[in-house]
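Undergrad: Take a look at structure.cif, mmCIF, C-alpha atoms:
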```cif
data_start
loop_
_atom_site.label_atom_id
_atom_site.label_comp_id
_atom_site.auth_asym_id
_atom_site.auth_seq_id
_atom_site.Cartn_x
_atom_site.Cartn_y
_atom_site.Cartn_z
CA MET A 1 84.98 -59.93 8.17
CA ASN A 2 85.40 -56.45 6.79
CA ASN A 3 83.84 -54.17 9.34
CA PRO A 4 85.88 -53.62 12.54
CA LEU A 5 82.69 -52.60 14.38
CA GLN A 6 81.11 -55.96 13.61
CA THR A 7 84.25 -57.69 14.84
CA ALA A 8 83.97 -55.80 18.10
CA ILE A 9 80.36 -56.87 18.52
CA ALA A 10 81.15 -60.47 17.68
CA ALA A 11 83.93 -60.60 20.23
CA SER A 12 81.71 -59.41 23.04
CA THR A 13 78.42 -61.20 22.66
CA VAL A 14 76.93 -64.43 23.89
CA VAL A 15 73.47 -65.83 23.22
CA LEU A 16 71.31 -67.85 25.57
CA PRO A 17 68.53 -69.97 24.08
CA LEU A 18 65.12 -69.26 25.62
CA GLY A 19 64.29 -71.59 28.50
CA ASN A 20 67.55 -73.50 28.39
CA PRO A 21 70.34 -71.63 30.11
CA THR A 22 72.78 -74.53 29.82
CA MET A 23 72.94 -74.25 26.02
CA LEU A 24 75.02 -71.31 24.94
CA ALA A 25 75.10 -70.05 21.40
CA THR A 26 77.84 -67.60 20.52
CA LEU A 27 77.78 -64.97 17.86
CA ASP A 28 80.34 -66.11 15.34
CA GLU A 29 83.42 -64.09 14.57
CA GLY A 30 82.60 -62.03 11.52
CA GLN A 31 78.82 -62.41 11.84
CA SER A 32 76.94 -59.13 11.65
CA TYR A 33 74.49 -58.16 14.37
CA MET A 34 71.66 -58.20 11.83
CA ALA A 35 72.41 -61.76 10.74
CA PHE A 36 72.80 -62.69 14.39
CA TYR A 37 69.42 -61.21 15.30
CA LYS A 38 67.74 -62.99 12.39
CA GLU A 39 69.18 -66.31 13.48
CA CYS A 40 67.97 -65.74 17.02
CA ALA A 41 64.49 -64.90 15.80
CA GLU A 42 64.34 -67.91 13.49
CA SER A 43 65.50 -70.35 16.16
CA ARG A 44 63.24 -68.72 18.79
CA MET A 45 66.16 -67.78 21.01
CA THR A 46 66.23 -65.05 23.57
CA TYR A 47 69.41 -63.15 23.02
CA PHE A 48 71.48 -61.46 25.66
CA ASN A 49 74.57 -59.43 24.99
CA PHE A 50 77.26 -59.17 27.60
CA PRO A 51 80.72 -57.65 27.44
CA LEU A 52 82.99 -60.70 27.76
CA GLN A 53 86.69 -61.15 28.31
CA GLN A 54 88.67 -63.76 26.50
CA ASN A 55 89.57 -66.99 28.32
CA VAL A 56 87.06 -66.34 31.11
CA ALA A 57 84.24 -68.77 31.89
CA TYR A 58 80.81 -67.21 32.45
CA GLN A 59 77.60 -68.53 33.87
CA PHE A 60 74.35 -66.65 33.22
CA ASP A 61 70.97 -66.96 34.82
CA LEU A 62 67.96 -66.26 32.68
CA ASN A 63 66.04 -63.27 33.90
CA PRO A 64 62.52 -64.59 34.60
CA ASN A 65 61.09 -61.21 33.60
CA MET A 66 62.61 -61.42 30.11
CA ARG A 67 60.18 -62.24 27.38
CA GLU A 68 60.84 -64.11 24.22
CA GLY A 69 62.67 -61.96 21.71
CA GLU A 70 63.99 -59.47 24.22
CA GLY A 71 67.65 -58.62 24.35
CA ILE A 72 69.99 -56.19 25.97
CA GLY A 73 72.88 -54.31 24.47
CA LEU A 74 75.79 -53.03 26.48
CA LEU A 75 77.92 -51.52 23.76
CA SER A 76 79.16 -47.96 23.73
CA ASP A 77 77.94 -45.19 21.43
CA VAL A 78 79.34 -44.36 18.01
CA GLU A 79 79.69 -40.97 16.39
CA VAL A 80 77.52 -39.96 13.46
CA ASP A 81 79.60 -39.06 10.45
CA GLY A 82 79.76 -39.79 6.75
CA PRO A 83 76.92 -39.51 4.21
CA ILE A 84 73.30 -39.81 5.35
CA ASN A 85 71.20 -42.63 3.97
CA SER A 86 67.49 -41.74 3.87
CA GLN A 87 66.65 -45.10 2.21
CA PRO A 88 67.55 -47.63 4.91
CA ASP A 89 68.31 -51.23 4.12
CA ALA A 90 65.09 -53.27 3.79
CA GLU A 91 66.37 -56.02 6.07
CA LEU A 92 67.30 -53.51 8.76
CA GLU A 93 63.85 -51.96 8.42
CA VAL A 94 62.17 -55.32 9.06
CA ILE A 95 64.28 -55.88 12.16
CA PHE A 96 63.71 -52.35 13.41
CA ASN A 97 59.95 -52.54 12.90
CA GLY A 98 59.82 -55.84 14.78
CA LEU A 99 61.78 -54.46 17.72
CA ALA A 100 59.78 -51.22 17.77
CA LYS A 101 56.48 -53.08 17.83
CA GLU A 102 57.73 -55.38 20.55
CA TRP A 103 58.89 -52.44 22.67
CA ILE A 104 55.64 -50.50 22.30
CA GLU A 105 53.48 -53.50 23.15
CA ALA A 106 55.64 -54.45 26.11
CA THR A 107 55.92 -51.01 27.69
CA ARG A 108 52.84 -48.93 26.90
CA SER A 109 51.40 -49.46 30.34
CA TYR A 110 54.62 -48.50 32.14
CA SER A 111 54.18 -45.34 34.21
CA LEU A 112 57.71 -43.93 33.89
CA ASN A 113 59.66 -43.06 30.76
CA MET A 114 62.80 -44.24 32.50
CA ARG A 115 61.32 -47.73 32.76
CA ARG A 116 60.42 -47.66 29.08
CA TYR A 117 63.92 -46.50 28.14
CA ALA A 118 65.47 -49.18 30.35
CA HIS A 119 63.56 -51.91 28.54
CA PRO A 120 66.03 -54.33 26.91
CA THR A 121 64.49 -53.88 23.46
CA TYR A 122 64.91 -50.09 23.59
CA GLN A 123 68.47 -50.55 24.77
CA SER A 124 69.06 -52.95 21.88
CA LEU A 125 67.72 -50.38 19.45
CA MET A 126 69.98 -47.68 20.84
CA HIS A 127 73.19 -49.55 21.50
CA ALA A 128 73.27 -52.62 19.31
CA LEU A 129 71.08 -52.15 16.25
CA GLY A 130 72.10 -48.50 16.17
CA LYS A 131 75.68 -49.63 15.76
CA GLU A 132 74.87 -51.38 12.51
CA ASP A 133 74.68 -48.02 10.86
CA VAL A 134 73.45 -45.00 12.77
CA LYS A 135 72.68 -43.16 9.56
CA GLU A 136 70.30 -45.96 8.55
CA VAL A 137 68.62 -46.43 11.91
CA VAL A 138 67.86 -42.74 12.55
CA PRO A 139 65.55 -42.43 9.49
CA LEU A 140 63.69 -45.54 10.67
CA ILE A 141 63.16 -44.04 14.12
CA LEU A 142 62.02 -40.73 12.64
CA ARG A 143 59.55 -42.49 10.34
CA GLU A 144 58.21 -44.45 13.31
CA LEU A 145 57.89 -41.15 15.20
CA GLN A 146 56.01 -39.70 12.24
CA GLN A 147 53.56 -42.60 12.04
CA ARG A 148 53.11 -43.54 15.71
CA PRO A 149 54.42 -40.75 17.97
CA ASP A 150 56.10 -42.16 21.05
CA VAL A 151 59.10 -41.38 23.25
CA TRP A 152 61.84 -42.11 20.74
CA PHE A 153 63.65 -38.96 21.85
CA GLU A 154 66.18 -40.64 24.12
CA ALA A 155 67.27 -43.02 21.35
CA LEU A 156 67.49 -40.14 18.88
CA LYS A 157 69.57 -38.07 21.29
CA VAL A 158 71.96 -40.96 21.95
CA LEU A 159 72.33 -41.87 18.29
CA THR A 160 72.58 -38.38 16.81
CA LYS A 161 74.17 -36.52 19.75
CA ARG A 162 71.66 -33.73 19.02
CA ASN A 163 68.56 -32.33 20.73
CA PRO A 164 66.61 -30.08 18.37
CA ALA A 165 63.60 -30.21 20.73
CA SER A 166 65.27 -28.57 23.72
CA GLN A 167 62.82 -25.63 23.56
CA ALA A 168 59.69 -27.75 23.05
CA LYS A 169 57.06 -27.30 25.76
CA THR A 170 54.78 -30.25 24.98
CA PHE A 171 55.07 -33.78 23.67
CA ASP A 172 53.57 -32.73 20.33
CA GLU A 173 56.07 -29.87 19.99
CA THR A 174 58.91 -32.28 20.74
CA VAL A 175 57.72 -34.63 18.00
CA ARG A 176 57.42 -31.75 15.54
CA ALA A 177 60.89 -30.42 16.37
CA TRP A 178 62.51 -33.81 15.74
CA LEU A 179 60.62 -34.35 12.50
CA GLU A 180 61.55 -30.87 11.22
CA TRP A 181 65.16 -31.54 12.17
CA GLY A 182 65.02 -34.91 10.39
CA LYS A 183 63.75 -33.22 7.24
CA ALA A 184 66.34 -30.45 7.43
CA GLU A 185 69.10 -33.04 7.84
CA LYS A 186 67.58 -35.14 5.03
CA TYR A 187 67.02 -38.18 7.25
CA ILE A 188 63.36 -38.16 6.15
CA VAL A 189 61.48 -36.44 3.36
CA MET B 1 33.46 -50.24 28.64
CA LEU B 2 36.92 -51.75 29.07
CA PRO B 3 38.90 -52.01 25.79
CA ASP B 4 39.95 -55.56 24.86
CA HIS B 5 43.67 -54.82 24.94
CA LEU B 6 43.41 -53.60 28.53
CA ALA B 7 41.29 -56.59 29.53
CA ARG B 8 44.07 -58.83 28.18
CA LYS B 9 46.85 -56.92 29.92
CA PHE B 10 45.03 -56.62 33.24
CA PRO B 11 43.03 -59.84 33.61
CA LYS B 12 41.29 -58.90 36.88
CA LEU B 13 40.04 -55.50 35.73
CA LYS B 14 36.88 -56.57 33.93
CA ALA B 15 35.50 -58.46 36.92
CA ASP B 16 36.29 -55.42 39.07
CA GLY B 17 34.10 -53.09 37.01
CA GLY B 18 36.99 -51.70 34.95
CA ASP B 19 35.79 -48.96 32.65
CA LYS B 20 37.57 -46.59 30.26
CA THR B 21 37.23 -42.91 31.20
CA SER B 22 39.48 -41.20 28.64
CA GLU B 23 41.58 -41.85 25.56
CA ALA B 24 45.24 -42.90 25.56
CA ALA B 25 47.73 -40.03 25.92
CA ILE B 26 51.47 -39.65 26.34
CA GLN B 27 51.61 -36.11 27.70
CA TYR B 28 50.75 -37.05 31.30
CA ASN B 29 51.15 -40.07 33.57
CA CYS B 30 49.53 -41.68 36.59
CA LEU B 31 51.63 -39.56 38.94
CA SER B 32 50.65 -36.20 37.50
CA TRP B 33 47.04 -37.37 37.19
CA SER B 34 46.69 -38.69 40.75
CA ALA B 35 48.79 -35.97 42.37
CA LYS B 36 47.68 -32.87 40.43
CA ARG B 37 44.82 -33.91 38.12
CA THR B 38 46.67 -32.41 35.20
CA LYS B 39 47.10 -33.56 31.61
CA GLN B 40 49.74 -30.89 30.89
CA TYR B 41 52.86 -32.71 32.08
CA ARG B 42 54.29 -35.93 33.49
CA PHE B 43 55.88 -36.35 36.90
CA GLU B 44 59.20 -38.05 36.28
CA PRO B 45 62.39 -37.89 38.39
CA LYS B 46 65.32 -36.42 36.44
CA PRO B 47 63.13 -34.72 33.82
CA GLN B 48 64.50 -34.94 30.27
CA GLU B 49 61.85 -32.87 28.49
CA ALA B 50 60.00 -29.63 29.31
CA TRP B 51 56.78 -31.62 29.74
CA GLU B 52 58.37 -33.77 32.44
CA ARG B 53 58.57 -32.33 35.95
CA TRP B 54 59.77 -33.30 39.40
CA PRO B 55 59.21 -31.15 42.49
CA GLU B 56 62.29 -29.37 43.82
CA GLY B 57 63.64 -30.74 47.06
CA LEU B 58 62.42 -34.30 46.49
CA PRO B 59 64.96 -37.08 45.92
CA ASP B 60 65.12 -37.90 42.19
CA ASP B 61 66.75 -41.30 42.55
CA TYR B 62 63.67 -43.27 41.43
CA SER B 63 63.51 -44.94 44.84
CA LEU B 64 60.08 -46.04 46.01
CA GLU B 65 60.50 -43.65 48.93
CA SER B 66 60.84 -40.67 46.57
CA PHE B 67 57.43 -41.41 45.00
CA ILE B 68 55.82 -41.77 48.43
CA MET B 69 57.38 -38.45 49.41
CA LEU B 70 55.84 -36.82 46.34
CA PHE B 71 52.41 -37.47 47.83
CA GLU B 72 53.50 -36.60 51.36
CA GLN B 73 54.52 -33.20 50.00
CA LEU B 74 50.87 -32.80 48.96
CA GLY B 75 49.59 -33.49 52.46
CA TYR B 76 49.08 -37.26 52.33
CA LYS B 77 50.05 -39.38 55.34
CA ARG B 78 51.20 -43.00 55.19
CA LEU B 79 48.94 -45.69 56.60
CA ALA B 80 50.43 -48.57 58.53
CA ASP B 81 48.18 -51.07 56.75
CA ILE B 82 47.02 -51.59 53.18
CA ASP B 83 43.59 -50.21 53.98
CA SER B 84 41.93 -49.20 50.71
CA ARG B 85 38.41 -48.95 52.13
CA PHE B 86 36.47 -45.76 51.48
CA GLU B 87 36.66 -43.29 54.36
CA PHE B 88 34.21 -40.43 54.08
CA PHE B 89 36.57 -37.73 55.37
CA TYR B 90 39.72 -38.84 53.56
CA LYS B 91 41.14 -39.10 50.04
CA LYS B 92 43.40 -42.09 49.40
CA VAL B 93 46.13 -43.04 46.95
CA ALA B 94 47.58 -46.52 46.41
CA ILE B 95 51.26 -46.87 45.49
CA TYR B 96 52.16 -50.03 43.55
CA ALA B 97 55.61 -51.56 43.42
CA ALA B 98 57.34 -54.57 41.90
CA PHE B 99 60.45 -56.28 43.16
CA GLY B 100 63.73 -56.23 41.27
CA ILE B 101 62.43 -54.92 37.94
CA TYR B 102 65.62 -52.90 37.36
CA GLY B 103 67.94 -55.71 38.42
CA GLU B 104 68.45 -54.46 41.98
CA PRO B 105 67.04 -56.47 44.92
CA ARG B 106 64.53 -53.84 46.02
CA TRP B 107 60.94 -52.71 45.51
CA GLU B 108 60.50 -50.24 42.65
CA PHE B 109 57.60 -47.88 41.97
CA THR B 110 55.33 -49.03 39.14
CA HIS B 111 52.01 -47.18 39.42
CA VAL B 112 49.70 -45.02 41.51
CA ALA B 113 45.90 -44.98 41.62
CA ASP B 114 43.63 -42.66 43.59
CA GLN B 115 40.19 -42.96 45.05
CA LEU B 116 37.44 -40.72 43.71
CA HIS B 117 34.73 -39.13 45.83
CA SER B 118 32.31 -41.81 44.69
CA GLY B 119 34.57 -44.47 46.22
CA VAL B 120 35.80 -46.02 42.95
CA TRP B 121 39.46 -45.80 41.93
CA ILE B 122 40.98 -44.11 38.91
CA SER B 123 44.19 -45.02 37.09
CA LYS B 124 46.12 -43.62 34.17
CA LEU B 125 47.66 -46.80 32.79
CA GLY B 126 51.03 -45.69 31.46
CA TYR B 127 50.48 -44.40 27.92
CA GLU B 128 47.18 -46.23 27.70
CA GLU B 129 43.71 -44.98 28.59
CA ASP B 130 42.47 -43.75 31.96
CA ILE B 131 40.24 -46.27 33.67
CA GLN B 132 38.00 -46.55 36.71
CA HIS B 133 37.98 -49.68 38.85
CA ASN B 134 36.15 -50.61 42.03
CA THR B 135 39.21 -51.71 43.99
CA PRO B 136 42.93 -50.93 43.63
CA GLN B 137 43.67 -54.65 44.00
CA SER B 138 42.47 -55.38 40.45
CA LEU B 139 45.74 -53.95 39.07
CA GLU B 140 47.88 -56.15 41.31
CA GLY B 141 49.62 -59.26 40.03
CA ASN B 142 52.48 -60.43 37.89
CA CYS B 143 50.82 -61.74 34.79
CA GLY B 144 49.88 -59.55 31.86
CA ASP B 145 51.07 -56.00 32.48
CA GLU B 146 50.00 -55.72 36.07
CA TYR B 147 51.88 -53.54 38.52
CA GLY B 148 53.17 -55.92 41.18
CA LYS B 149 51.48 -55.20 44.50
CA ILE B 150 50.17 -52.28 46.53
CA LEU B 151 52.96 -51.46 48.92
CA LYS B 152 51.62 -48.31 50.50
CA ILE B 153 48.31 -46.51 50.98
CA LEU B 154 48.34 -42.83 51.88
CA LYS B 155 45.44 -40.59 52.81
CA LYS B 156 44.70 -36.92 53.42
CA PRO B 157 41.66 -35.05 54.73
CA CYS B 158 39.14 -33.82 52.18
CA TRP B 159 38.41 -30.14 51.63
CA PRO B 160 34.87 -28.99 52.61
CA TRP B 161 33.76 -28.80 48.95
CA GLU B 162 35.01 -32.35 48.45
CA LEU B 163 32.89 -33.46 51.39
CA ALA B 164 29.88 -31.84 49.71
CA VAL B 165 30.56 -33.91 46.59
CA ARG B 166 30.79 -37.03 48.73
CA VAL B 167 27.45 -36.22 50.36
CA TYR B 168 25.96 -36.01 46.86
CA PHE B 169 27.36 -39.43 45.90
CA LYS B 170 26.11 -40.94 49.17
CA LEU B 171 22.65 -39.50 48.51
CA VAL B 172 22.57 -40.88 44.96
CA SER B 173 23.72 -44.27 46.23
CA PHE B 174 21.05 -44.26 48.95
CA LEU B 175 18.30 -43.36 46.46
CA ARG B 176 19.46 -46.09 44.07
CA LYS B 177 19.35 -48.72 46.78
CA SER B 178 16.10 -47.54 48.40
CA PHE B 179 13.91 -46.66 45.44
CA LYS B 180 15.79 -47.85 42.36
CA VAL B 181 14.83 -44.50 40.81
CA ILE B 182 18.20 -43.22 39.47
#
```
How would this structure read if it were set down as structure tokens?
TA:
Amino acid sequence: MNNPLQTAIAASTVVLPLGNPTMLATLDEGQSYMAFYKECAESRMTYFNFPLQQNVAYQFDLNPNMREGEGIGLLSDVEVDGPINSQPDAELEVIFNGLAKEWIEATRSYSLNMRRYAHPTYQSLMHALGKEDVKEVVPLILRELQQRPDVWFEALKVLTKRNPASQAKTFDETVRAWLEWGKAEKYIV
Amino acid sequence: MLPDHLARKFPKLKADGGDKTSEAAIQYNCLSWSAKRTKQYRFEPKPQEAWERWPEGLPDDYSLESFIMLFEQLGYKRLADIDSRFEFFYKKVAIYAAFGIYGEPRWEFTHVADQLHSGVWISKLGYEEDIQHNTPQSLEGNCGDEYGKILKILKKPCWPWELAVRVYFKLVSFLRKSFKVI
């Protein structure tokens, strides 16, 4: 285990298999979130992340509204610093694309943006996957915004701590402002 | 014609005469459409973007009550019953809610539909297309992407010009039934 961030995630996460709340699977010490997510997907688990304390017994009830593959992240934000990577890791891209598709399909008929933002998959993208490497996730979000415009603005604001679209008057202007910012910052080309 | 993806998400719509009336759009939502008939902005408590708005003076706590009050501010009055029948002199809106969707044990706003002068209902389905449907009940349910249940119906008197439009629709309906000419 080299990355202290990954250690922090591993120490605070528990996994519940879909449909069987009595069987707990725990994210191993030293296991990255990406590897963890892949395992969950392969074993058809629903994953839930909770902040846990050591030496405390927990019982969780499955949320009946959760769908297969949904998760929730409750980890705090991280600052963006260091060099920008406009060529994200291929594995991360696969995971991101899967989560993005899942979120869009699950929430397109929701009436309120707040409800879309509160969706566990969006929260996972912002707070858990985003922790893998913010500089790698932001280009993925911007590319998604470029190809299929949607309300990715909240995630971008949380991850980058910026809002280049504060003067935008329409949805299209907001999209354009973020894409221009992404190009200027070399997140996308 | 109802698109396949909407027929899958809302299983009762097709049988209720569900029909697409405009393309999918993000810029506006069911609230701004039913309350103001605008495609320029979304009604959303605690607006985050310039194209999201929420009337001053209304609670912005996302409570079901705050969404009902949005329509009361526009002159609608609450009905004691879920009476979605067409009333010639009144416009109606149906407020949908689902229980506990944000983890709290309470009813939360999910959708609003409004009744057109012809008597059919119109809905902007989130970011999806606008649709018409014969009854507001066809969007109720908890399978697919339905909106829970109708928890409140509100109505307000029509303007004189709106009554003239309703007379036209009544006349067309009468001619259809009597002579099958239109």
Undergrad: Please find the residues of chain B near chain A - the criterion being any atom within 7 Å, counting all atoms listed in the file - and write them as an mmCIF file with C-alpha atoms, in the coordinates of the input.
TA:
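Printed below is iface.cif as written:
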```cif
data_model
loop_
_atom_site.group_PDB
_atom_site.id
_atom_site.type_symbol
_atom_site.label_atom_id
_atom_site.label_comp_id
_atom_site.auth_asym_id
_atom_site.auth_seq_id
_atom_site.Cartn_x
_atom_site.Cartn_y
_atom_site.Cartn_z
ATOM 1 C CA GLN B 27 51.610 -36.110 27.700
ATOM 2 C CA ASN B 29 51.150 -40.070 33.570
ATOM 3 C CA CYS B 30 49.530 -41.680 36.590
ATOM 4 C CA GLU B 44 59.200 -38.050 36.280
ATOM 5 C CA ALA B 50 60.000 -29.630 29.310
ATOM 6 C CA TRP B 51 56.780 -31.620 29.740
ATOM 7 C CA THR B 110 55.330 -49.030 39.140
ATOM 8 C CA HIS B 111 52.010 -47.180 39.420
ATOM 9 C CA LEU B 125 47.660 -46.800 32.790
ATOM 10 C CA GLY B 126 51.030 -45.690 31.460
ATOM 11 C CA TYR B 127 50.480 -44.400 27.920
ATOM 12 C CA GLU B 128 47.180 -46.230 27.700
ATOM 13 C CA ASP B 145 51.070 -56.000 32.480
#
```
Undergrad: What do you get, as a list in words, if you spell out every residue that the PyMOL selection byres ((chain B and resi 129) around 9) selects here?
TA: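 Against this file, the PyMOL selection byres ((chain B and resi 129) around 9) returns the residues Pro3, Leu6, Lys20, Thr21, Ser22, Glu23, Ala24, Ala25, Ser123, Lys124, Leu125, Gly126, Tyr127, Glu128, Asp130 and Ile131 of chain B.
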Undergrad: Kindly resolve the PyMOL selection byres ((chain B and resi 104-108) around 10) on the present coordinates and return the residues as an MDAnalysis selection string.
TA: chainID B and resid 62:65 67 96:103 109:111 148:149 151
Undergrad: Evaluating the PyMOL selection byres ((chain B and resi 80) around 12) on the displayed file yields which residues, as JSON, numbers by chain?
TA: {"B": [77, 78, 79, 81, 82, 83, 84, 151, 152, 153, 154, 155]}
Undergrad: Would you compute the distance between CA of Ile95 in chain B and CA of Met69 in chain B? Give it in Å to one decimal.
TA: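 These atoms are spaced 11.1 Å apart.
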Undergrad: Considering only C-alpha atoms, can you say which of A:Leu156, A:Val175, A:Val138, A:Val189 comes closest to Asp89 in chain A?
TA: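 Among the listed residues, A:Val138 lies closest to Asp89 in chain A.
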